[in-house]
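The data block below is work.cif; it holds mmCIF, C-alpha atoms.
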data_entry
#
loop_
_atom_site.label_atom_id
_atom_site.label_comp_id
_atom_site.auth_asym_id
_atom_site.auth_seq_id
_atom_site.Cartn_x
_atom_site.Cartn_y
_atom_site.Cartn_z
CA PRO A 126 13.43 24.76 24.18
CA TYR A 127 11.30 26.33 21.48
CA PHE A 128 11.80 25.26 17.87
CA ASP A 129 10.23 27.26 15.08
CA PRO A 130 8.14 24.78 13.02
CA GLU A 131 8.85 26.84 9.91
CA TYR A 132 12.57 26.05 10.20
CA ASP A 133 12.19 22.41 9.17
CA THR A 134 10.66 23.40 5.82
CA LEU A 135 12.86 26.44 5.17
CA SER A 136 15.28 24.72 2.78
CA LEU A 137 12.36 23.12 0.94
CA ARG A 138 10.71 26.50 0.44
CA LEU A 139 13.93 28.20 -0.65
CA ASP A 140 14.99 25.43 -3.02
CA PRO A 141 12.01 23.15 -3.78
CA PRO A 142 12.47 19.72 -5.37
CA SER A 143 12.32 19.40 -9.13
CA VAL A 144 9.83 17.01 -10.73
CA VAL A 145 9.88 17.06 -14.53
CA ILE A 146 7.10 15.41 -16.55
CA ASP A 147 8.53 14.66 -20.02
CA ASN A 148 6.14 13.47 -22.74
CA THR A 149 8.48 14.01 -25.69
CA SER A 150 11.67 12.02 -25.08
CA CYS A 151 10.10 8.55 -25.20
CA PRO A 152 7.55 7.52 -27.86
CA ASP A 153 5.50 5.16 -25.71
CA ALA A 154 5.90 6.36 -22.13
CA THR A 155 6.01 9.48 -20.01
CA LEU A 156 9.33 10.16 -18.27
CA ILE A 157 9.07 11.39 -14.70
CA LYS A 158 12.36 12.81 -13.43
CA ALA A 159 12.45 13.51 -9.72
CA THR A 160 15.43 15.40 -8.34
CA PRO A 161 14.77 16.31 -4.70
CA LEU A 162 17.10 18.41 -2.59
CA PRO A 163 20.60 17.12 -1.81
CA VAL A 164 20.13 14.73 1.08
CA ASP A 165 22.31 13.12 3.69
CA SER A 166 22.13 9.45 4.62
CA LYS A 167 19.71 10.17 7.47
CA ASN A 168 17.13 11.92 5.31
CA LYS A 169 17.69 9.77 2.25
CA HIS A 170 15.97 6.77 3.76
CA GLY A 171 12.39 6.53 2.53
CA ILE A 172 12.56 9.14 -0.24
CA LEU A 173 12.47 6.51 -2.98
CA LEU A 174 9.47 4.79 -1.39
CA GLU A 175 7.65 8.12 -1.20
CA VAL A 176 8.08 8.69 -4.94
CA VAL A 177 7.11 5.13 -5.92
CA GLN A 178 4.11 5.25 -3.58
CA VAL A 179 2.71 8.36 -5.28
CA LEU A 180 3.04 6.81 -8.75
CA THR A 181 1.51 3.46 -7.84
CA ASP A 182 -1.35 5.05 -5.90
CA LEU A 183 -2.32 6.73 -9.17
CA ASP A 184 -2.53 3.32 -10.91
CA LEU A 185 0.50 4.07 -13.08
CA ALA A 186 2.54 1.26 -14.65
CA ILE A 187 6.32 1.65 -14.36
CA SER A 188 8.02 -0.15 -17.28
CA LYS A 189 11.52 1.10 -16.58
CA ALA A 190 13.27 3.07 -13.83
CA TYR A 191 16.73 4.27 -12.90
CA ILE A 192 17.47 5.33 -9.35
CA SER A 193 20.66 6.87 -7.99
CA SER A 194 21.46 8.60 -4.71
CA ASP A 195 25.06 8.77 -3.68
CA GLY A 196 27.59 11.44 -2.82
CA GLY A 197 24.90 13.84 -1.57
CA TRP A 198 22.68 13.88 -4.66
CA PHE A 199 19.50 12.08 -5.55
CA MET A 200 17.79 11.39 -8.88
CA ASP A 201 14.98 9.13 -10.08
CA VAL A 202 13.87 8.54 -13.66
CA PHE A 203 10.67 6.55 -14.26
CA HIS A 204 9.11 5.45 -17.55
CA VAL A 205 5.38 5.33 -16.84
CA THR A 206 2.01 4.90 -18.51
CA ASP A 207 -1.46 4.49 -17.11
CA GLN A 208 -2.88 0.97 -16.78
CA LEU A 209 -4.35 1.33 -20.28
CA GLY A 210 -0.89 1.90 -21.77
CA ASN A 211 -1.34 5.64 -22.40
CA LYS A 212 1.01 8.51 -21.62
CA LEU A 213 0.11 10.97 -18.88
CA ILE A 214 -1.83 13.84 -20.42
CA ASP A 215 -4.30 14.56 -17.62
CA GLU A 216 -3.22 17.90 -16.15
CA GLY A 217 -4.85 17.01 -12.85
CA ILE A 218 -2.71 13.85 -12.52
CA ILE A 219 0.46 15.74 -13.46
CA ASP A 220 -0.35 18.52 -11.00
CA TYR A 221 -1.10 15.94 -8.29
CA ILE A 222 2.27 14.23 -8.81
CA GLN A 223 4.18 17.50 -8.57
CA GLN A 224 2.25 18.61 -5.51
CA SER A 225 2.58 15.24 -3.77
CA LEU A 226 6.35 15.24 -4.20
CA GLY A 227 6.69 18.80 -2.91
CA ALA A 228 7.64 20.36 -6.24
CA LYS A 229 4.53 22.55 -6.41
CA GLN A 230 3.39 24.45 -3.34
CA ASP A 231 0.55 26.59 -4.71
CA SER A 232 -1.50 23.96 -6.55
CA GLN A 233 -5.26 23.81 -6.20
CA THR A 234 -5.51 20.10 -7.08
CA THR A 235 -6.57 18.16 -3.98
CA GLU A 236 -8.27 15.12 -5.51
CA VAL A 237 -7.82 13.17 -8.74
CA GLN A 238 -9.40 10.19 -10.46
CA THR A 239 -7.17 7.51 -11.97
CA CYS A 240 -7.75 5.74 -15.28
CA LEU A 241 -9.32 2.87 -13.32
CA GLY A 242 -11.85 5.20 -11.72
CA ARG A 243 -10.30 5.31 -8.24
CA ARG A 244 -10.11 8.64 -6.41
CA PHE A 245 -7.19 9.87 -4.32
CA SER A 246 -6.84 12.95 -2.17
CA LEU A 247 -3.85 14.78 -0.73
CA ARG A 248 -5.87 15.53 2.40
CA SER A 249 -5.47 13.10 5.25
CA ASN A 250 -8.76 11.54 6.27
CA THR A 251 -9.40 11.83 9.99
CA GLU A 252 -13.13 11.19 9.70
CA GLN A 253 -12.81 7.41 10.06
CA THR A 254 -11.60 4.91 12.64
CA ALA A 255 -8.93 2.47 11.47
CA ILE A 256 -8.78 -1.12 12.71
CA GLU A 257 -5.85 -3.46 12.06
CA LEU A 258 -6.13 -7.22 12.31
CA CYS A 259 -3.69 -10.08 11.90
CA GLY A 260 -4.05 -13.81 12.52
CA ARG A 261 -4.59 -17.26 11.08
CA ASP A 262 -6.70 -17.33 7.93
CA ARG A 263 -9.76 -19.56 7.63
CA PRO A 264 -12.86 -19.78 5.41
CA GLY A 265 -15.54 -17.32 6.50
CA LEU A 266 -13.22 -15.09 8.53
CA LEU A 267 -14.02 -11.91 6.59
CA SER A 268 -17.71 -12.69 7.02
CA ASP A 269 -17.25 -13.00 10.79
CA ILE A 270 -15.27 -9.74 10.97
CA SER A 271 -17.79 -7.75 8.94
CA GLY A 272 -20.64 -9.35 10.93
CA VAL A 273 -19.13 -8.07 14.19
CA LEU A 274 -18.80 -4.57 12.74
CA LYS A 275 -22.41 -4.66 11.53
CA ASP A 276 -23.62 -5.73 14.99
CA MET A 277 -21.63 -2.89 16.55
CA MET A 278 -23.33 -0.38 14.22
CA CYS A 279 -20.15 0.36 12.30
CA ASN A 280 -20.23 1.31 8.63
CA VAL A 281 -17.28 -0.11 6.67
CA VAL A 282 -16.06 2.75 4.46
CA ALA A 283 -12.96 0.97 3.13
CA ALA A 284 -10.97 -2.17 3.79
CA GLU A 285 -8.09 -4.13 2.35
CA VAL A 286 -7.42 -7.79 3.10
CA TRP A 287 -4.35 -9.87 2.19
CA THR A 288 -3.75 -13.55 2.86
CA HIS A 289 -0.51 -15.51 2.54
CA ASN A 290 0.76 -18.82 3.94
CA LEU A 291 -2.50 -19.36 5.85
CA ARG A 292 -2.16 -15.96 7.54
CA VAL A 293 -4.32 -12.88 7.09
CA ALA A 294 -3.74 -9.14 7.50
CA CYS A 295 -6.53 -6.62 7.28
CA VAL A 296 -6.95 -2.85 7.64
CA VAL A 297 -10.55 -1.68 7.95
CA TYR A 298 -11.82 1.91 8.04
CA VAL A 299 -15.19 2.40 9.74
CA THR A 300 -17.51 5.17 10.83
CA ASP A 301 -20.18 5.25 13.50
CA GLU A 302 -23.58 4.46 11.97
CA VAL A 303 -25.27 7.04 14.21
CA THR A 304 -22.90 10.02 13.90
CA GLY A 305 -21.35 9.25 10.51
CA GLY A 306 -17.95 10.14 11.94
CA PRO A 307 -15.12 8.31 13.70
CA ILE A 308 -15.93 6.20 16.74
CA GLU A 309 -14.97 8.23 19.80
CA ASP A 310 -16.61 6.22 22.58
CA GLU A 311 -13.71 4.44 24.32
CA LYS A 312 -15.99 1.75 25.79
CA LYS A 313 -17.45 0.95 22.39
CA LEU A 314 -13.95 0.76 20.89
CA ALA A 315 -12.90 -1.67 23.63
CA VAL A 316 -15.91 -3.90 22.94
CA ILE A 317 -15.25 -3.82 19.18
CA LYS A 318 -11.63 -4.79 19.76
CA ALA A 319 -12.57 -7.65 22.09
CA ARG A 320 -15.18 -9.07 19.74
CA LEU A 321 -12.89 -8.84 16.72
CA SER A 322 -10.13 -10.57 18.67
CA GLN A 323 -12.58 -13.36 19.47
CA ALA A 324 -13.54 -13.64 15.79
CA LEU A 325 -9.86 -13.93 14.84
CA GLN A 326 -9.31 -16.71 17.33
CA GLY A 327 -12.23 -18.79 16.05
CA ASP A 328 -12.24 -22.26 17.58
CA GLU A 329 -8.51 -22.20 18.30
CA SER A 330 -6.30 -20.48 20.84
CA GLY A 331 -5.76 -17.56 18.49
CA LYS A 332 -2.01 -17.76 18.91
CA GLY A 333 -0.37 -15.04 16.86
CA SER A 334 -3.60 -13.09 16.31
CA LYS A 335 -3.63 -9.36 16.95
CA THR A 336 -6.24 -6.61 16.86
CA ASP A 337 -5.27 -2.95 17.11
CA ILE A 338 -7.04 0.39 16.80
CA PRO A 339 -4.19 2.83 16.07
CA MET A 340 -4.43 6.56 16.60
CA ALA A 341 -3.06 7.18 13.12
CA VAL A 342 -2.49 4.91 10.15
CA LEU A 343 0.25 5.10 7.57
CA HIS A 344 -0.30 4.24 3.93
CA THR A 345 -2.69 1.24 3.99
CA GLU A 346 -0.70 -1.07 1.72
CA ARG A 347 2.52 -0.25 3.53
CA ARG A 348 0.84 -1.12 6.83
CA LEU A 349 -0.31 -4.45 5.38
CA HIS A 350 3.28 -5.23 4.39
CA GLN A 351 4.48 -4.25 7.87
CA ILE A 352 1.80 -6.32 9.62
CA MET A 353 2.57 -9.43 7.59
CA SER A 354 6.34 -8.93 7.85
CA ALA A 355 6.03 -8.74 11.64
CA ASP A 356 4.07 -12.01 11.53
CA PHE A 357 6.97 -14.43 11.09
CA ALA A 358 4.69 -17.28 9.98
CA ALA A 359 3.50 -15.17 7.05
CA ILE A 360 6.96 -14.84 5.48
CA GLN A 361 7.88 -18.52 5.54
CA PRO A 362 8.07 -19.96 2.03
CA GLU A 363 5.72 -22.78 1.18
CA SER A 364 8.68 -25.00 0.21
CA THR A 365 11.92 -25.62 2.08
CA ASN A 366 13.91 -24.18 -0.79
CA THR A 367 14.50 -20.60 0.22
CA PHE A 368 16.55 -19.55 -2.79
CA VAL A 369 14.11 -20.17 -5.62
CA ALA A 370 15.74 -21.63 -8.69
CA ALA A 371 15.80 -19.32 -11.68
CA ALA A 372 14.34 -22.13 -13.80
CA ASP A 373 11.13 -22.04 -11.77
CA LYS A 374 9.18 -19.44 -13.72
CA THR A 375 6.12 -19.62 -11.46
CA ARG A 376 7.82 -18.05 -8.43
CA PRO A 377 10.20 -15.14 -7.93
CA ALA A 378 13.89 -15.78 -8.49
CA ILE A 379 15.79 -13.65 -5.97
CA SER A 380 19.50 -13.52 -5.22
CA VAL A 381 21.69 -11.43 -2.91
CA GLN A 382 25.43 -10.91 -3.42
CA ASN A 383 28.00 -8.58 -1.97
CA CYS A 384 29.93 -6.21 -4.20
CA ALA A 385 33.03 -5.76 -2.02
CA GLU A 386 34.71 -3.38 -4.46
CA LYS A 387 31.92 -0.81 -4.28
CA GLY A 388 30.73 -1.60 -0.76
CA TYR A 389 27.17 -2.57 -1.68
CA SER A 390 24.98 -5.62 -1.38
CA VAL A 391 23.31 -6.34 -4.72
CA VAL A 392 19.77 -7.72 -4.79
CA ASN A 393 18.44 -9.16 -8.06
CA VAL A 394 14.77 -9.98 -8.56
CA ARG A 395 13.19 -11.73 -11.53
CA CYS A 396 9.46 -12.51 -11.46
CA LYS A 397 6.17 -12.14 -13.27
CA ASP A 398 5.38 -8.49 -13.81
CA ARG A 399 2.24 -7.00 -12.30
CA PRO A 400 0.92 -3.65 -11.04
CA LYS A 401 2.56 -2.28 -7.87
CA LEU A 402 5.45 -4.77 -7.96
CA LEU A 403 8.03 -1.99 -7.57
CA PHE A 404 6.18 -0.56 -4.58
CA ASP A 405 6.13 -3.97 -2.87
CA THR A 406 9.88 -4.56 -3.19
CA VAL A 407 10.93 -0.98 -2.35
CA CYS A 408 8.55 -0.90 0.62
CA THR A 409 10.01 -4.15 1.97
CA LEU A 410 13.63 -3.00 1.66
CA THR A 411 12.80 0.38 3.22
CA ASP A 412 11.02 -1.09 6.23
CA MET A 413 13.90 -3.54 6.73
CA LYS A 414 16.12 -0.44 7.18
CA TYR A 415 17.99 -0.79 3.89
CA VAL A 416 18.89 2.27 1.85
CA VAL A 417 18.69 1.87 -1.95
CA PHE A 418 21.64 3.80 -3.38
CA HIS A 419 21.22 2.66 -6.98
CA ALA A 420 18.62 0.62 -8.80
CA ALA A 421 17.70 -0.39 -12.33
CA ILE A 422 14.20 -1.66 -13.11
CA ARG A 423 12.78 -2.92 -16.38
CA SER A 424 9.86 -4.94 -17.71
CA GLU A 425 10.13 -7.19 -20.74
CA GLY A 426 6.94 -8.84 -21.89
CA SER A 427 5.30 -10.39 -18.85
CA PHE A 428 8.46 -10.44 -16.69
CA ALA A 429 10.09 -7.83 -14.48
CA TYR A 430 13.78 -7.49 -13.62
CA GLN A 431 14.95 -5.43 -10.65
CA GLU A 432 18.47 -4.77 -9.42
CA TYR A 433 19.16 -2.91 -6.18
CA TYR A 434 22.45 -1.71 -4.70
CA ILE A 435 21.78 -1.43 -0.99
CA ARG A 436 23.33 -0.93 2.44
CA LEU A 437 21.91 -0.87 5.91
CA MET A 438 21.29 2.57 7.38
CA ASP A 439 24.53 2.23 9.37
CA GLY A 440 26.46 1.72 6.11
CA CYS A 441 26.96 -2.05 6.48
CA THR A 442 26.28 -4.65 3.81
CA LEU A 443 24.65 -8.07 4.23
CA LYS A 444 27.68 -10.00 5.38
CA SER A 445 26.22 -13.31 6.57
CA GLU A 446 24.30 -15.95 4.65
CA ALA A 447 21.55 -15.77 7.28
CA GLU A 448 21.02 -12.06 6.56
CA GLN A 449 20.94 -12.67 2.83
CA GLU A 450 18.53 -15.57 3.21
CA TYR A 451 16.19 -13.50 5.37
CA VAL A 452 16.09 -10.69 2.78
CA VAL A 453 15.24 -13.25 0.09
CA LYS A 454 12.42 -14.68 2.23
CA CYS A 455 10.94 -11.25 2.96
CA LEU A 456 11.07 -10.10 -0.67
CA GLU A 457 9.56 -13.34 -1.91
CA ALA A 458 6.72 -13.04 0.61
CA ALA A 459 6.13 -9.38 -0.31
CA ILE A 460 5.87 -10.26 -4.00
CA GLU A 461 3.57 -13.23 -3.48
CA ARG A 462 1.21 -11.95 -0.77
CA ARG A 463 -0.50 -9.46 -3.07
CA THR A 464 -1.14 -12.09 -5.75
CA GLY A 465 -3.81 -14.09 -3.95
CA GLY A 466 -5.19 -16.54 -6.48
CA GLY A 467 -8.79 -17.17 -7.37
CA ILE A 468 -11.56 -15.75 -9.49
CA ARG A 469 -11.86 -11.98 -9.41
CA LEU A 470 -15.33 -10.71 -8.52
CA GLU A 471 -16.18 -7.02 -8.79
CA LEU A 472 -19.15 -5.60 -6.90
CA CYS A 473 -20.62 -2.19 -7.59
CA THR A 474 -23.87 -1.07 -5.97
CA LYS A 475 -25.37 1.59 -3.72
CA ASP A 476 -23.54 1.61 -0.41
CA ARG A 477 -25.34 0.81 2.82
CA VAL A 478 -24.50 -0.24 6.37
CA GLY A 479 -23.97 -4.00 6.55
CA LEU A 480 -23.38 -4.49 2.81
CA LEU A 481 -19.97 -6.14 3.28
CA SER A 482 -21.40 -8.43 5.97
CA ASP A 483 -24.27 -9.55 3.73
CA VAL A 484 -22.07 -10.16 0.68
CA THR A 485 -19.39 -12.12 2.54
CA ARG A 486 -22.06 -14.16 4.35
CA ILE A 487 -23.43 -15.23 0.95
CA PHE A 488 -19.88 -16.10 -0.16
CA ARG A 489 -19.45 -18.31 2.90
CA GLU A 490 -22.83 -20.00 2.48
CA ASN A 491 -21.84 -20.90 -1.09
CA GLY A 492 -18.48 -22.30 -0.01
CA LEU A 493 -16.37 -19.38 -1.31
CA SER A 494 -13.27 -18.26 0.57
CA VAL A 495 -11.88 -14.73 0.12
CA THR A 496 -8.11 -14.69 -0.47
CA ARG A 497 -7.86 -10.95 -1.09
CA ALA A 498 -10.25 -8.01 -0.92
CA ASP A 499 -10.24 -4.31 -1.73
CA VAL A 500 -13.32 -2.54 -0.37
CA SER A 501 -13.96 1.14 -1.08
CA THR A 502 -16.74 3.68 -1.41
CA GLN A 503 -17.01 6.37 -4.07
CA GLY A 504 -19.71 8.83 -3.16
CA ASP A 505 -22.80 6.72 -2.43
CA LYS A 506 -21.43 3.71 -4.34
CA ALA A 507 -19.67 0.66 -2.93
CA VAL A 508 -16.90 -0.51 -5.27
CA ASN A 509 -15.44 -3.80 -4.03
CA VAL A 510 -13.06 -6.37 -5.49
CA PHE A 511 -12.81 -9.93 -4.14
CA TYR A 512 -10.58 -12.83 -5.12
CA VAL A 513 -12.23 -16.11 -4.18
CA THR A 514 -11.41 -19.83 -4.13
CA ASP A 515 -13.23 -22.77 -2.62
CA ALA A 516 -12.73 -23.57 1.08
CA SER A 517 -9.65 -25.69 0.28
CA GLY A 518 -7.98 -22.99 -1.81
CA ASN A 519 -8.82 -24.66 -5.14
CA PRO A 520 -10.44 -23.04 -8.19
CA VAL A 521 -14.16 -22.45 -7.81
CA ASP A 522 -16.74 -24.27 -9.88
CA ARG A 523 -18.25 -21.67 -12.21
CA ARG A 524 -21.74 -22.98 -11.44
CA ILE A 525 -21.22 -21.99 -7.79
CA VAL A 526 -20.05 -18.56 -8.87
CA GLU A 527 -23.14 -18.10 -11.02
CA ALA A 528 -25.38 -19.22 -8.16
CA THR A 529 -23.67 -16.66 -5.92
CA ARG A 530 -24.14 -13.94 -8.51
CA LYS A 531 -27.82 -14.80 -8.85
CA GLU A 532 -28.31 -14.47 -5.10
CA ILE A 533 -26.46 -11.15 -4.81
CA GLY A 534 -27.55 -9.75 -8.17
CA GLN A 535 -25.98 -10.55 -11.54
CA SER A 536 -25.82 -6.89 -12.52
CA ILE A 537 -24.20 -6.04 -9.18
CA LEU A 538 -21.54 -8.77 -9.03
CA GLN A 539 -19.40 -9.22 -12.13
CA VAL A 540 -16.89 -12.00 -12.83
CA LYS A 541 -13.48 -10.90 -14.12
CA ASP A 542 -10.46 -12.87 -15.18
CA LEU A 543 -7.49 -13.37 -12.89
CA THR A 544 -5.33 -10.31 -12.24
CA PRO A 545 -4.97 -8.71 -15.69
CA SER A 546 -1.61 -8.81 -17.33
CA SER A 547 0.56 -5.78 -17.06
CA PRO A 548 0.13 -3.28 -19.91
CA ASN A 549 3.82 -3.83 -20.54
CA SER A 550 2.92 -7.22 -22.05
CA GLN A 551 0.70 -5.44 -24.56
CA HIS A 552 3.05 -2.59 -25.39
CA GLU A 553 6.63 -3.23 -26.40
CA VAL A 554 9.21 -1.86 -24.03
CA ALA A 555 11.24 0.78 -25.83
CA SER A 556 14.52 -1.09 -25.42
CA LYS A 557 14.71 -4.78 -24.64
CA SER A 558 18.46 -5.04 -24.42
CA ARG A 559 20.05 -5.52 -21.03
CA PHE A 560 21.42 -2.29 -19.66
CA SER A 561 24.32 -1.57 -17.38
CA PHE A 562 23.57 0.71 -14.48
CA GLY A 563 27.14 1.99 -14.49
CA THR A 564 26.85 2.88 -18.18
CA PHE A 565 23.67 4.81 -17.42
CA LEU A 566 25.41 6.89 -14.75
CA TYR A 567 28.37 7.50 -17.02
CA SER A 568 26.07 8.71 -19.82
CA LEU A 569 24.69 11.34 -17.43
CA GLY A 570 28.17 12.46 -16.44
CA LEU A 571 27.50 11.58 -12.81
CA ILE A 572 30.56 9.32 -12.53
CA ASN A 573 33.74 9.07 -14.55
CA SER A 574 34.76 6.13 -16.74
CA GLN A 575 37.13 4.76 -14.09
CA GLN A 576 34.21 4.31 -11.67
CA VAL A 577 32.05 2.33 -14.11
#

This entry written out as structure tokens:
Amino acid sequence: PYFDPEYDTLSLRLDPPSVVIDNTSCPDATLIKATPLPVDSKNKHGILLEVVQVLTDLDLAISKAYISSDGGWFMDVFHVTDQLGNKLIDEGIIDYIQQSLGAKQDSQTTEVQTCLGRRFSLRSNTEQTAIELCGRDRPGLLSDISGVLKDMMCNVVAAEVWTHNLRVACVVYVTDEVTGGPIEDEKKLAVIKARLSQALQGDESGKGSKTDIPMAVLHTERRLHQIMSADFAAIQPESTNTFVAAADKTRPAISVQNCAEKGYSVVNVRCKDRPKLLFDTVCTLTDMKYVVFHAAIRSEGSFAYQEYYIRLMDGCTLKSEAEQEYVVKCLEAAIERRTGGGIRLELCTKDRVGLLSDVTRIFRENGLSVTRADVSTQGDKAVNVFYVTDASGNPVDRRIVEATRKEIGQSILQVKDLTPSSPNSQHEVASKSRFSFGTFLYSLGLINSQQV
């Protein structure tokens, strides 16, 4: 039967979502209030992730957030600044947010630049070939992968690499060196896949390694979470203690309880604050098929506190200890896998085919192991970030780093500190007192006093 494609977007066009950007209510943050259309439980799943994804892609810091979606309505309130601690005053950023969330249909903004200099576009990029890899991590692996791509005359346009628990996940975007477009030769793709699979296996059997060339790729960081979550070895905690003690301030403290009276499972997270933390936890819960009905998020100093009221998509809560333990493991892994330790090295130079291969080869020759990487191109410039340790995962001798810089180019490769602290540690949060989510709902008149 024929279905009119315009029908699916009819309600959106008749009654578009509301996204309010408020720069007056809070003295030190911009309030973003997102109130999409009334949604049922089927369509509700994933809406929160979509909103958080847009904000974090724009390098915005979320110091506080309130989320509610129950009884057929949906509302998000986020307190945000840029990574420099400033309110949102860039009209292009504001327009991009409203357009991305469907609240503005006639905008001309298609690309914006964040405060950190990164560019994002609403247009999907189909001019590149995506390659996904997963396997056991080892020193020199990124060098081997980029070497294969160089040999196959592939230009690496962008790539992101995460490592955790001796496992690695990587999404690479390449173009054909000859045509400058996506690789369309099926035989060449097959050879690339075979050679990359061999590089992943190394000297071992390659058990658990996987190479894929998907037809379409979702949000890169979400795919990395999905790849590592599907790799069971990557979510195992380093210690046998699954429920991390709250007294251990170096690792996330996560707990799961059932609220029988309200019919929710309640997830509490306390950990060091950092950029994109909210995205990582919301992405994990969403892909595990949990619906977040209510949530309260806040940052105080260098720590973040998150509370989620969740159910499975079928309406069930986490009834068994095994289910609760698995959620804790997955959230802990999601929080830790982005925080690969090591010295941060930033490379900025004119882009060329084989650049990533040459740089990572020099890293390997100097005994440096890449724990995380973010490779991108901006115009004709390559802008890459690497986190490196020695081959055993220990801090690198600064003399080795300086020798590496001298070989690559001291003006090209800069040494930065470890992941910078969240701007929330430099700017006081407006209210440091603990807040009750029920009180927040009551203050908005969304529930009566008997429900709080």

Name the residues, using the chain letters and numbers of the file, that sit within 10 Å of (-21.5, -16.1, -9.1) when counting only C-alpha atoms, and give them as a ChimeraX atom specification. /A:468,470,488,491,493,521-535,538-540

Care to translate the PyMOL selection byres ((chain A and resi 502-506) around 8) into actual residues of this file, as an MDAnalysis selection string? chainID A and resid 243:244 282:283 473:476 500:501 507:508

Once you have the residues from the selection above, write them out as a PDB file, keeping the file's coordinate frame, restricted to C-alpha atoms.
ATOM      1  CA  ARG A 243     -10.300   5.310  -8.240  1.00  0.00           C
ATOM      2  CA  ARG A 244     -10.110   8.640  -6.410  1.00  0.00           C
ATOM      3  CA  VAL A 282     -16.060   2.750   4.460  1.00  0.00           C
ATOM      4  CA  ALA A 283     -12.960   0.970   3.130  1.00  0.00           C
ATOM      5  CA  CYS A 473     -20.620  -2.190  -7.590  1.00  0.00           C
ATOM      6  CA  THR A 474     -23.870  -1.070  -5.970  1.00  0.00           C
ATOM      7  CA  LYS A 475     -25.370   1.590  -3.720  1.00  0.00           C
ATOM      8  CA  ASP A 476     -23.540   1.610  -0.410  1.00  0.00           C
ATOM      9  CA  VAL A 500     -13.320  -2.540  -0.370  1.00  0.00           C
ATOM     10  CA  SER A 501     -13.960   1.140  -1.080  1.00  0.00           C
ATOM     11  CA  ALA A 507     -19.670   0.660  -2.930  1.00  0.00           C
ATOM     12  CA  VAL A 508     -16.900  -0.510  -5.270  1.00  0.00           C
TER      13      VAL A 508
END

For atom CA of A:Ile460 and atom CA of A:Ala294, quote the distance in Å rounded to one decimal.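 The value is 15.0 Å.
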
Point out the residue among A:Leu267, A:Ile256, A:Arg261, A:Val394 with the least atom-to-atom distance to A:Ile338, counting only C-alpha atoms.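 Smallest separation from A:Ile338 among the options: A:Ile256.
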
Which residue, A:Val478, A:Val342, A:Ala284, A:Cys396, has the smallest gap to A:Gly426 when you use all atoms listed in the file?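 Of the candidates, the smallest distance to A:Gly426 is held by A:Cys396.
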
Can you work out which one of A:Val286, A:Cys408, A:Ile422, A:Val452 has the shortest atom-to-atom distance to A:Phe511, counting only C-alpha atoms?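 Smallest distance to A:Phe511 is found for A:Val286.
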
Determine the nearest neighbour of A:Leu443 from the options A:Arg423, A:Lys414, A:Arg486, A:Lys312, counting all atoms listed in the file.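 Selected residue with least distance to A:Leu443: A:Lys414.
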
Selected by the PyMOL selection byres ((chain A and resi 494) around 9) in the shown coordinates: which residues, as a short mmCIF file (atom, residue, chain, number, x, y, z; two decimals) with C-alpha atoms, in the frame of the given file?
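Produced file out29.cif, reproduced below:
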data_model
loop_
_atom_site.label_atom_id
_atom_site.label_comp_id
_atom_site.auth_asym_id
_atom_site.auth_seq_id
_atom_site.Cartn_x
_atom_site.Cartn_y
_atom_site.Cartn_z
CA ARG A 263 -9.76 -19.56 7.63
CA PRO A 264 -12.86 -19.78 5.41
CA GLY A 265 -15.54 -17.32 6.50
CA LEU A 266 -13.22 -15.09 8.53
CA LEU A 267 -14.02 -11.91 6.59
CA THR A 485 -19.39 -12.12 2.54
CA PHE A 488 -19.88 -16.10 -0.16
CA ARG A 489 -19.45 -18.31 2.90
CA GLY A 492 -18.48 -22.30 -0.01
CA LEU A 493 -16.37 -19.38 -1.31
CA VAL A 495 -11.88 -14.73 0.12
CA THR A 496 -8.11 -14.69 -0.47
CA TYR A 512 -10.58 -12.83 -5.12
CA VAL A 513 -12.23 -16.11 -4.18
CA THR A 514 -11.41 -19.83 -4.13
CA ASP A 515 -13.23 -22.77 -2.62
CA ALA A 516 -12.73 -23.57 1.08
CA SER A 517 -9.65 -25.69 0.28
CA GLY A 518 -7.98 -22.99 -1.81
#

With the PyMOL selection byres ((chain A and resi 144) around 7) as the selection, what would be picked from this file? Answer as a PyMOL selection string, please. chain A and resi 142-143+145-146+157-160+223+228

Since we have the selection now, will you write its residues out, keeping C-alpha atoms, as a tab-separated table (two decimals), keeping the file's coordinate frame?
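Result file follows (again29.tsv):
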chain	number	residue	atom	x	y	z
A	142	PRO	CA	12.47	19.72	-5.37
A	143	SER	CA	12.32	19.40	-9.13
A	145	VAL	CA	9.88	17.06	-14.53
A	146	ILE	CA	7.10	15.41	-16.55
A	157	ILE	CA	9.07	11.39	-14.70
A	158	LYS	CA	12.36	12.81	-13.43
A	159	ALA	CA	12.45	13.51	-9.72
A	160	THR	CA	15.43	15.40	-8.34
A	223	GLN	CA	4.18	17.50	-8.57
A	228	ALA	CA	7.64	20.36	-6.24

Using all atoms listed in the file, determine which residues lie at most 9 Å from A:Thr181, disregarding the query and same-chain residues fewer than 6 positions distant; provide the list as a list in words. Ile187, Pro400, Lys401, Leu403 and Phe404 of chain A

Could you state the separation of atom CA of A:Val417 and atom CA of A:His344 in Å, given to one decimal place?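 These atoms are spaced 20.0 Å apart.
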
Atomic separation - atom CA of A:Asp356 relative to atom CA of A:Ile317, Å: 22.3 Å

Check the smallest atom-to-atom distance from each of A:Arg497, A:Thr239, A:Asp262, A:Val176 to A:Gly227 using all atoms listed in the file, then report the winner.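 Answer, going by the shortest atom-to-atom distance: A:Val176.
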